[in-house]
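Pasted below: upload.csv, CSV, C-alpha atoms and all ligand atoms.
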```
chain,number,residue,atom,x,y,z
H,10,MET,CA,16.7,-15.9,-10.8
H,11,ALA,CA,13.0,-15.5,-11.7
H,12,THR,CA,11.0,-13.6,-14.3
H,13,ILE,CA,8.5,-11.5,-12.5
H,14,ALA,CA,5.5,-9.8,-14.0
H,15,TRP,CA,4.8,-6.7,-11.9
H,16,ILE,CA,1.4,-5.0,-12.1
H,17,GLY,CA,1.2,-1.5,-10.7
H,18,LEU,CA,4.3,0.7,-11.0
H,19,GLY,CA,3.1,3.5,-8.6
H,20,LEU,CA,4.6,5.1,-5.5
H,21,MET,CA,5.1,1.7,-3.9
H,22,GLY,CA,5.3,-0.6,-6.9
H,23,TYR,CA,8.1,1.3,-8.7
H,24,PRO,CA,10.7,1.2,-5.9
H,25,MET,CA,9.9,-2.4,-5.2
H,26,THR,CA,10.6,-3.3,-8.8
H,27,ASN,CA,14.0,-1.6,-8.6
H,28,LEU,CA,14.9,-3.9,-5.7
H,29,MET,CA,13.8,-7.0,-7.6
H,30,LYS,CA,15.9,-5.9,-10.5
H,31,GLU,CA,18.9,-5.2,-8.3
H,32,ALA,CA,18.5,-8.7,-6.8
H,33,GLY,CA,18.9,-10.1,-10.3
H,34,HIS,CA,15.4,-10.9,-11.3
H,35,THR,CA,14.0,-10.0,-14.7
H,36,VAL,CA,11.0,-7.6,-14.1
H,37,ILE,CA,8.3,-7.0,-16.7
H,38,GLY,CA,6.0,-4.2,-15.7
H,39,VAL,CA,2.4,-3.2,-16.5
H,40,ASP,CA,0.7,0.1,-15.6
H,41,ILE,CA,-2.2,2.0,-17.1
H,42,ASP,CA,-0.5,5.4,-16.4
H,43,PRO,CA,1.9,6.6,-19.1
H,44,ALA,CA,3.9,8.6,-16.5
H,45,ALA,CA,4.5,5.5,-14.4
H,46,GLN,CA,5.4,3.5,-17.5
H,47,LYS,CA,8.0,6.1,-18.6
H,48,ARG,CA,9.6,6.3,-15.1
H,49,ALA,CA,9.9,2.5,-15.0
H,50,ARG,CA,11.3,2.3,-18.5
H,51,GLU,CA,13.9,5.0,-17.7
H,52,ASN,CA,15.1,2.8,-14.9
H,53,GLY,CA,15.6,-0.3,-17.0
H,54,ILE,CA,12.3,-2.1,-16.3
H,55,ILE,CA,10.7,-3.7,-19.3
H,56,VAL,CA,7.2,-2.3,-19.6
H,57,VAL,CA,4.6,-4.0,-21.8
H,58,ASP,CA,1.0,-3.1,-22.7
H,59,THR,CA,-1.0,-6.2,-21.6
H,60,ILE,CA,-1.2,-8.5,-18.7
H,61,ALA,CA,-1.2,-11.5,-21.1
H,62,GLU,CA,2.2,-10.3,-22.5
H,63,ALA,CA,3.7,-9.8,-19.0
H,64,CYS,CA,2.5,-13.1,-17.7
H,65,SER,CA,3.4,-15.2,-20.7
H,66,ASN,CA,6.9,-16.2,-19.4
H,67,ALA,CA,6.6,-15.2,-15.7
H,68,ASP,CA,7.5,-17.5,-12.8
H,69,ALA,CA,5.7,-15.1,-10.5
H,70,VAL,CA,3.2,-12.2,-10.7
H,71,LEU,CA,3.3,-9.4,-8.1
H,72,SER,CA,0.7,-6.7,-8.0
H,73,MET,CA,0.7,-3.3,-6.2
H,74,LEU,CA,-2.6,-1.7,-7.1
H,75,PRO,CA,-4.9,0.9,-5.4
H,76,THR,CA,-8.0,-1.0,-4.4
H,77,GLY,CA,-9.8,-4.4,-4.5
H,78,LYS,CA,-11.6,-3.2,-7.7
H,79,GLU,CA,-8.4,-2.9,-9.7
H,80,VAL,CA,-7.0,-6.1,-8.2
H,81,ARG,CA,-10.1,-8.1,-9.1
H,82,GLU,CA,-10.1,-6.8,-12.7
H,83,VAL,CA,-6.4,-7.5,-13.1
H,84,MET,CA,-6.5,-10.9,-11.6
H,85,ALA,CA,-9.8,-12.4,-12.6
H,86,GLY,CA,-10.5,-10.4,-15.8
H,87,HIS,CA,-12.0,-12.8,-18.3
H,88,ASN,CA,-9.3,-14.1,-20.7
H,89,SER,CA,-7.2,-10.9,-20.2
H,90,GLY,CA,-6.5,-11.4,-16.5
H,91,VAL,CA,-3.5,-12.8,-14.6
H,92,PHE,CA,-5.2,-16.0,-13.6
H,93,ALA,CA,-6.1,-16.8,-17.2
H,94,ASN,CA,-2.6,-16.1,-18.5
H,95,LEU,CA,-0.2,-17.4,-15.8
H,96,LYS,CA,1.9,-20.3,-17.0
H,97,ALA,CA,1.7,-23.6,-15.2
H,98,GLY,CA,3.6,-23.6,-11.9
H,99,GLY,CA,3.5,-19.8,-11.5
H,100,VAL,CA,2.6,-18.0,-8.3
H,101,VAL,CA,0.6,-14.8,-7.8
H,102,VAL,CA,1.3,-12.4,-4.9
H,103,ASP,CA,-1.0,-9.4,-4.4
H,104,CYS,CA,0.6,-6.8,-2.2
H,105,SER,CA,-2.2,-4.2,-2.4
H,106,THR,CA,-4.4,-3.3,0.6
H,107,ILE,CA,-7.8,-4.6,-0.6
H,108,GLY,CA,-9.7,-5.7,2.6
H,109,ILE,CA,-10.9,-9.0,3.8
H,110,ASP,CA,-13.9,-9.7,1.5
H,111,ASN,CA,-11.9,-9.0,-1.7
H,112,ALA,CA,-9.1,-11.3,-0.4
H,113,HIS,CA,-11.6,-14.1,0.1
H,114,GLU,CA,-13.1,-13.5,-3.4
H,115,LEU,CA,-9.6,-13.6,-5.0
H,116,HIS,CA,-8.6,-16.8,-3.2
H,117,ALA,CA,-11.8,-18.5,-4.4
H,118,ALA,CA,-11.2,-17.3,-8.0
H,119,ALA,CA,-7.6,-18.4,-7.9
H,120,GLU,CA,-8.6,-21.8,-6.6
H,121,LYS,CA,-11.2,-22.2,-9.4
H,122,ALA,CA,-8.5,-21.2,-12.0
H,123,GLY,CA,-6.0,-23.6,-10.4
H,124,VAL,CA,-3.6,-20.8,-9.6
H,125,ALA,CA,-1.3,-20.5,-6.5
H,126,PHE,CA,-2.3,-17.2,-4.9
H,127,VAL,CA,-1.1,-15.5,-1.7
H,128,GLU,CA,-2.3,-12.1,-0.3
H,129,ALA,CA,0.7,-10.1,0.9
H,130,PRO,CA,-0.3,-6.6,2.0
H,131,VAL,CA,2.6,-4.4,3.3
H,132,SER,CA,3.5,-1.8,5.8
H,133,GLY,CA,6.4,0.6,5.9
H,134,GLY,CA,5.5,3.3,3.4
H,135,THR,CA,7.5,4.4,0.3
H,136,GLU,CA,10.5,4.7,2.6
H,137,GLY,CA,10.3,0.9,3.4
H,138,ALA,CA,9.5,0.2,-0.3
H,139,ALA,CA,12.8,1.9,-1.3
H,140,ALA,CA,14.9,0.4,1.5
H,141,GLY,CA,13.6,-3.1,1.2
H,142,THR,CA,12.4,-3.1,4.8
H,143,LEU,CA,8.7,-3.6,4.3
H,144,THR,CA,6.6,-5.7,6.7
H,145,PHE,CA,4.6,-8.3,4.8
H,146,MET,CA,1.4,-9.9,6.1
H,147,LEU,CA,0.8,-13.1,4.2
H,148,GLY,CA,-2.6,-14.9,3.9
H,149,GLY,CA,-2.9,-18.2,2.1
H,150,ALA,CA,-2.2,-21.9,2.1
H,151,ASP,CA,0.9,-23.2,3.9
H,152,GLU,CA,2.1,-25.0,0.7
H,153,HIS,CA,2.8,-21.6,-1.1
H,154,ILE,CA,4.4,-19.7,1.8
H,155,GLU,CA,8.1,-20.8,1.7
H,156,ARG,CA,8.3,-20.0,-2.0
H,157,VAL,CA,6.7,-16.6,-1.5
H,158,ARG,CA,9.0,-15.8,1.5
H,159,GLU,CA,12.0,-16.5,-0.8
H,160,LEU,CA,10.6,-14.3,-3.5
H,161,LEU,CA,10.0,-11.4,-1.2
H,162,LYS,CA,13.5,-11.4,0.4
H,163,PRO,CA,14.8,-8.3,-1.5
H,164,LEU,CA,11.7,-6.3,-0.4
H,165,ALA,CA,11.2,-7.3,3.2
H,166,GLY,CA,12.3,-6.5,6.7
H,167,TYR,CA,9.8,-8.9,8.2
H,168,VAL,CA,7.5,-11.5,6.7
H,169,ALA,CA,4.6,-12.9,8.8
H,170,HIS,CA,2.4,-15.7,7.6
H,171,VAL,CA,-0.7,-14.6,9.5
H,172,GLY,CA,-2.9,-17.5,8.4
H,173,GLY,CA,-5.2,-18.7,5.7
H,174,PRO,CA,-7.3,-16.7,3.2
H,175,GLY,CA,-8.2,-13.2,4.5
H,176,ALA,CA,-5.7,-13.3,7.4
H,177,GLY,CA,-3.1,-11.1,5.9
H,178,GLN,CA,-5.7,-8.4,5.0
H,179,SER,CA,-7.2,-8.7,8.4
H,180,ALA,CA,-3.8,-7.8,10.0
H,181,LYS,CA,-3.3,-5.0,7.5
H,182,VAL,CA,-6.7,-3.5,8.2
H,183,VAL,CA,-6.0,-3.5,11.9
H,184,ASN,CA,-2.5,-2.0,11.5
H,185,ASN,CA,-3.9,0.7,9.2
H,186,LEU,CA,-6.7,1.5,11.6
H,187,ILE,CA,-4.0,2.3,14.2
H,188,MET,CA,-1.8,4.2,11.6
H,189,GLY,CA,-4.8,6.1,10.2
H,190,VAL,CA,-6.0,7.3,13.6
H,191,CYS,CA,-2.4,8.3,14.4
H,192,VAL,CA,-2.1,10.4,11.2
H,193,ALA,CA,-5.5,12.1,11.9
H,194,VAL,CA,-4.6,12.9,15.5
H,195,ASN,CA,-1.1,14.0,14.6
H,196,CYS,CA,-2.7,16.6,12.2
H,197,GLU,CA,-5.2,17.7,14.8
H,198,ALA,CA,-2.5,18.0,17.5
H,199,THR,CA,-0.2,20.0,15.1
H,200,ASP,CA,-3.1,22.3,14.2
H,201,LEU,CA,-3.8,22.8,17.9
H,202,ALA,CA,-0.2,23.4,18.7
H,203,THR,CA,0.0,26.0,16.0
H,204,ARG,CA,-3.0,27.8,17.4
H,205,LEU,CA,-1.4,27.7,20.8
H,206,ASN,CA,1.7,29.4,19.4
H,207,LEU,CA,4.0,26.4,20.2
H,208,ASP,CA,7.3,26.1,18.4
H,209,LEU,CA,6.6,23.0,16.3
H,210,LYS,CA,10.3,21.8,16.1
H,211,ALA,CA,10.6,22.1,19.9
H,212,LEU,CA,7.3,20.2,20.2
H,213,PHE,CA,8.6,17.5,17.9
H,214,GLU,CA,11.7,17.0,20.1
H,215,ILE,CA,9.4,16.7,23.2
H,216,VAL,CA,6.9,14.3,21.7
H,217,ILE,CA,9.4,11.8,20.3
H,218,ARG,CA,10.7,11.5,23.8
H,219,SER,CA,7.3,11.4,25.4
H,220,SER,CA,4.1,9.3,25.6
H,221,GLY,CA,2.6,10.9,22.5
H,222,ASP,CA,5.3,9.5,20.2
H,223,ASN,CA,4.2,7.4,17.3
H,224,TRP,CA,5.7,6.1,14.0
H,225,ALA,CA,3.7,8.5,11.8
H,226,PHE,CA,4.6,11.6,14.0
H,227,ARG,CA,8.3,10.7,13.7
H,228,LEU,CA,8.5,9.8,10.0
H,229,TRP,CA,5.5,11.7,8.5
H,230,ASN,CA,5.3,14.7,10.8
H,231,PRO,CA,2.5,16.9,9.3
H,232,ALA,CA,4.3,20.2,9.7
H,233,PRO,CA,6.7,21.3,6.9
H,234,GLY,CA,10.4,21.6,7.8
H,235,ILE,CA,10.3,19.4,10.9
H,236,VAL,CA,11.4,16.1,9.3
H,237,PRO,CA,13.6,16.9,6.2
H,238,ASP,CA,12.4,14.1,3.9
H,239,SER,CA,8.8,14.0,5.0
H,240,PRO,CA,6.0,14.6,2.5
H,241,ALA,CA,5.1,17.8,4.5
H,242,SER,CA,8.6,19.1,3.8
H,243,LYS,CA,8.1,18.4,0.1
H,244,GLU,CA,4.8,20.4,-0.4
H,245,TYR,CA,2.8,17.3,0.6
H,246,LYS,CA,3.7,15.3,-2.4
H,247,PRO,CA,2.7,11.7,-1.6
H,248,GLY,CA,4.0,9.4,0.1
H,249,PHE,CA,0.7,7.9,0.8
H,250,LYS,CA,-2.3,9.5,-0.9
H,251,SER,CA,-5.2,10.7,1.3
H,252,TRP,CA,-7.8,8.8,-0.7
H,253,LEU,CA,-5.9,5.6,-0.1
H,254,LEU,CA,-5.9,6.1,3.6
H,255,ALA,CA,-9.6,7.0,3.5
H,256,LYS,CA,-10.1,3.7,1.7
H,257,ASP,CA,-8.1,1.8,4.3
H,258,LEU,CA,-10.2,3.3,7.2
H,259,SER,CA,-13.4,2.4,5.4
H,260,LEU,CA,-12.0,-1.2,5.1
H,261,ALA,CA,-11.5,-1.1,8.9
H,262,LEU,CA,-15.0,0.2,9.4
H,263,GLU,CA,-16.4,-2.5,7.2
H,264,ALA,CA,-14.4,-5.2,9.1
H,265,GLY,CA,-15.6,-3.7,12.4
H,266,ARG,CA,-19.3,-3.9,11.3
H,267,SER,CA,-18.8,-7.5,10.1
H,268,VAL,CA,-17.9,-8.6,13.7
H,269,GLY,CA,-19.7,-6.0,15.8
H,270,ALA,CA,-16.6,-4.3,17.0
H,271,ASN,CA,-16.9,-0.7,18.3
H,272,ILE,CA,-14.2,1.3,16.4
H,273,ALA,CA,-15.7,4.8,16.8
H,274,THR,CA,-12.3,6.5,16.8
H,275,ALA,CA,-11.6,5.1,13.3
H,276,GLY,CA,-15.0,6.4,12.3
H,277,ALA,CA,-14.1,9.9,13.3
H,278,ALA,CA,-10.7,9.7,11.6
H,279,HIS,CA,-12.4,8.4,8.4
H,280,ALA,CA,-14.9,11.3,8.5
H,281,ILE,CA,-12.4,14.1,8.7
H,282,LEU,CA,-10.2,12.4,6.0
H,283,GLU,CA,-13.2,12.0,3.7
H,284,ARG,CA,-13.9,15.7,4.0
H,285,HIS,CA,-10.3,16.5,3.2
H,286,VAL,CA,-10.5,14.1,0.1
H,287,LYS,CA,-13.6,15.9,-1.1
H,288,ASP,CA,-12.0,19.3,-0.5
H,289,GLY,CA,-9.2,18.6,-3.1
H,290,GLY,CA,-6.7,16.6,-0.9
H,291,ALA,CA,-7.3,13.2,-2.5
H,292,ASP,CA,-4.0,12.9,-4.3
H,293,MET,CA,-1.9,14.8,-1.8
H,294,ASP,CA,-0.1,13.1,1.0
H,295,VAL,CA,-2.2,12.0,4.0
H,296,THR,CA,-0.5,14.6,6.2
H,297,SER,CA,-2.0,17.4,4.1
H,298,LEU,CA,-5.0,16.9,6.3
H,299,LEU,CA,-3.3,19.5,8.4
H,300,LEU,CA,-4.1,22.1,5.7
H,301,SER,CA,-7.8,21.4,5.8
H,302,LEU,CA,-7.8,21.5,9.6
H,303,ALA,CA,-5.9,24.8,9.6
H,304,LYS,CA,-8.6,26.4,7.4
H,305,GLN,CA,-11.5,25.5,9.8
C,1,LIG,P1,-0.3,4.6,-6.5
C,1,LIG,O1,-1.6,5.2,-6.8
C,1,LIG,O2,0.9,5.4,-6.4
C,1,LIG,O3,0.0,3.3,-7.5
C,1,LIG,C1,-0.9,2.5,-8.0
C,1,LIG,C2,-0.5,2.2,-9.4
C,1,LIG,O4,-1.4,1.3,-10.0
C,1,LIG,C3,-0.6,3.5,-10.3
C,1,LIG,O5,0.6,3.7,-11.0
C,1,LIG,C4,-1.8,3.2,-11.3
C,1,LIG,O6,-1.6,3.8,-12.5
C,1,LIG,C5,-1.7,1.7,-11.3
C,1,LIG,N1,-2.9,1.0,-11.8
C,1,LIG,C6,-4.2,1.3,-11.4
C,1,LIG,N2,-5.1,0.5,-12.1
C,1,LIG,C7,-4.3,-0.3,-12.9
C,1,LIG,C8,-4.6,-1.4,-13.7
C,1,LIG,N3,-5.9,-1.8,-14.0
C,1,LIG,N4,-3.6,-2.0,-14.4
C,1,LIG,C9,-2.3,-1.6,-14.2
C,1,LIG,N5,-2.0,-0.6,-13.3
C,1,LIG,C10,-3.0,0.0,-12.7
C,1,LIG,O7,-0.6,3.8,-5.1
C,1,LIG,P2,0.5,3.3,-4.0
C,1,LIG,O8,0.8,4.3,-3.0
C,1,LIG,O9,1.7,2.6,-4.8
C,1,LIG,O10,-0.3,2.1,-3.3
C,1,LIG,C11,-0.6,0.8,-3.9
C,1,LIG,C12,-1.2,0.0,-2.8
C,1,LIG,O11,-0.3,-0.1,-1.7
C,1,LIG,C13,-2.5,0.5,-2.2
C,1,LIG,O12,-3.4,-0.6,-2.0
C,1,LIG,C14,-2.1,1.2,-1.0
C,1,LIG,O13,-3.2,1.3,0.0
C,1,LIG,C15,-1.0,0.3,-0.5
C,1,LIG,N6,0.0,0.9,0.4
C,1,LIG,C16,0.5,2.1,0.1
C,1,LIG,C17,1.5,2.6,1.0
C,1,LIG,C18,2.1,4.0,0.8
C,1,LIG,O14,2.8,4.5,1.7
C,1,LIG,N7,2.0,4.6,-0.4
C,1,LIG,C19,2.0,1.9,2.0
C,1,LIG,C20,1.5,0.6,2.2
C,1,LIG,C21,0.5,0.1,1.4
```

Just give me the structure of the file as structure tokens.
Ligand code: NAD
Amino acid sequence: MATIAWIGLGLMGYPMTNLMKEAGHTVIGVDIDPAAQKRARENGIIVVDTIAEACSNADAVLSMLPTGKEVREVMAGHNSGVFANLKAGGVVVDCSTIGIDNAHELHAAAEKAGVAFVEAPVSGGTEGAAAGTLTFMLGGADEHIERVRELLKPLAGYVAHVGGPGAGQSAKVVNNLIMGVCVAVNCEATDLATRLNLDLKALFEIVIRSSGDNWAFRLWNPAPGIVPDSPASKEYKPGFKSWLLAKDLSLALEAGRSVGANIATAGAAHAILERHVKDGGADMDVTSLLLSLAKQ
């Protein structure tokens, strides 16, 4: 069993640490949010104040942070970062969605520091994080992959080694382009259906048996009371915060620009989501976009 330093005990990180603990690993957590620290401590996770302290005896460091900015700070921070404090032979696995350019930057910094680093963004939502059924998209050198696969076993339903540096984030950006557009269109469709006086429960039963069916519609239906455990049925508590999906769509747009791909639909979804974020929806679940559309 390993000692794991875990950086980021939020909506995804916290349930993932539970599974690691249940699998018999020792988990030492770090988070800047006192509420996240408290919740983890109450569940038997050791929480420390500094990355240096968490890394001092860790065989592996896993991170689940909001954006590339936090991951770069946490990993490559001068003296205080993971790369500077990892013991010899340790491995670093970042599970955050940070985009392709940040992934390349981190792989280069890790190489310079002589650290084994694998990018491992995930899909499956907080539901998958709690159930240990996440899909992992690994990017990094072949030599580290088997070890990381073994480490991720308690968390994963499926682990794909997509390729070298940047490949895992490339796959994640593409997946979330599809998911983000689905979330936006599910909210638009639900708003339209409401205005057309359709019974939303009856519509749900039709769509999940029809060509409009999609994962987000079934699990994250935007209308309250349709899917019992959905964020919409829990006053749009996240789940997946709107500002994080806006971030993911902007990563897709950035990727599209870098290779000249026309991803206009993603641009439209990003624009309506950004408006919702600015209108106060940032920390609400992505499906709360429906509330903004309903006001228009
Ligand atoms: P979250 O905001 O709930 O959690 C992030 C945690 O990181 C917070 O607790 C925050 O306090 C902590 N943090 C921020 N800066 C820190 C720092 N410098 N040091 C230590 N802790 C720090 O977000 P989340 O929903 O858990 O998402 C995490 C990542 O996973 C994001 O990149 C997101 O895009 C991705 N993701 C989320 C979902 C989802 O459904 N929520 C699904 C797949 C992927």

message = Show me, as an NGL selection string, the residues that have an atom within 10 Å of segment 135-148 of chain H when counting all atoms listed in the file, minus same-chain residues fewer than 4 positions from it.
response = :H and (19-29 or 102-104 or 112-113 or 116 or 126-131 or 153-154 or 157-158 or 161-181 or 228 or 238-239 or 247-249)

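Excluding Ala277 of chain H itself and any same-chain residue fewer than 4 positions from it, the protein and nucleic acid residues within 10 Å of it, counting only C-alpha atoms, are Val190, Ala193, Leu258, Ile272, Ala273, Ile281, Leu282 and Glu283 of chain H.
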
Contact table chain H vs ligand LIG 1 (chain C), cut-off 6 Å, shortest pair per residue, only C-alpha atoms and all ligand atoms, as a tab-separated table:
```
residue	atom	partner	partner_atom	distance
H:Ile16	CA	C:LIG1	C9	5.4
H:Gly17	CA	C:LIG1	O4	3.9
H:Leu18	CA	C:LIG1	O5	4.8
H:Gly19	CA	C:LIG1	O3	3.3
H:Leu20	CA	C:LIG1	O2	3.8
H:Met21	CA	C:LIG1	O9	3.6
H:Gly22	CA	C:LIG1	O9	5.3
H:Val39	CA	C:LIG1	C9	5.5
H:Asp40	CA	C:LIG1	N5	3.6
H:Ile41	CA	C:LIG1	N5	4.6
H:Asp42	CA	C:LIG1	O6	4.4
H:Ala45	CA	C:LIG1	O5	5.5
H:Met73	CA	C:LIG1	C11	4.9
H:Leu74	CA	C:LIG1	O4	4.3
H:Pro75	CA	C:LIG1	O12	4.0
H:Thr76	CA	C:LIG1	O12	5.2
H:Glu79	CA	C:LIG1	N3	5.1
H:Val83	CA	C:LIG1	N3	5.8
H:Ser105	CA	C:LIG1	O12	3.8
H:Thr106	CA	C:LIG1	O12	3.9
H:Val131	CA	C:LIG1	C20	5.2
H:Ser132	CA	C:LIG1	C20	4.8
H:Gly134	CA	C:LIG1	O14	3.4
H:Thr135	CA	C:LIG1	O14	4.9
H:Gly248	CA	C:LIG1	N7	5.2
H:Phe249	CA	C:LIG1	N7	3.7
H:Leu253	CA	C:LIG1	O13	5.1
```

Residue neighbourhood Ala125 of chain H, 10 Å, only C-alpha atoms, exclusion window fewer than 2 positions, as a PyMOL selection string = chain H and resi 69+92+95+97-102+116+119-120+122-123+127+149-150+152-153

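Of the listed residues H:Glu62, H:Asp288, H:Glu31, H:Asp294, the one whose atoms come nearest to Val91 of chain H is H:Glu62, with distances taken using only C-alpha atoms.
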
note = Between atom CA of Thr35 of chain H and atom CA of Lys47 of chain H lies a distance of 17.6 Å

ask   = So, counting only C-alpha atoms, which residue among H:Leu298, H:Ile107, H:Ala117, H:Val286 is closest to Val192 of chain H?
value = H:Leu298

inquiry  = My list of candidates is H:Ile187, H:Ala67, H:Cys196, H:Val36. Which is closest to Thr274 of chain H when distances are computed with all atoms listed in the file?
reply    =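 Using all atoms listed in the file, Thr274 of chain H sits closest to H:Ile187.
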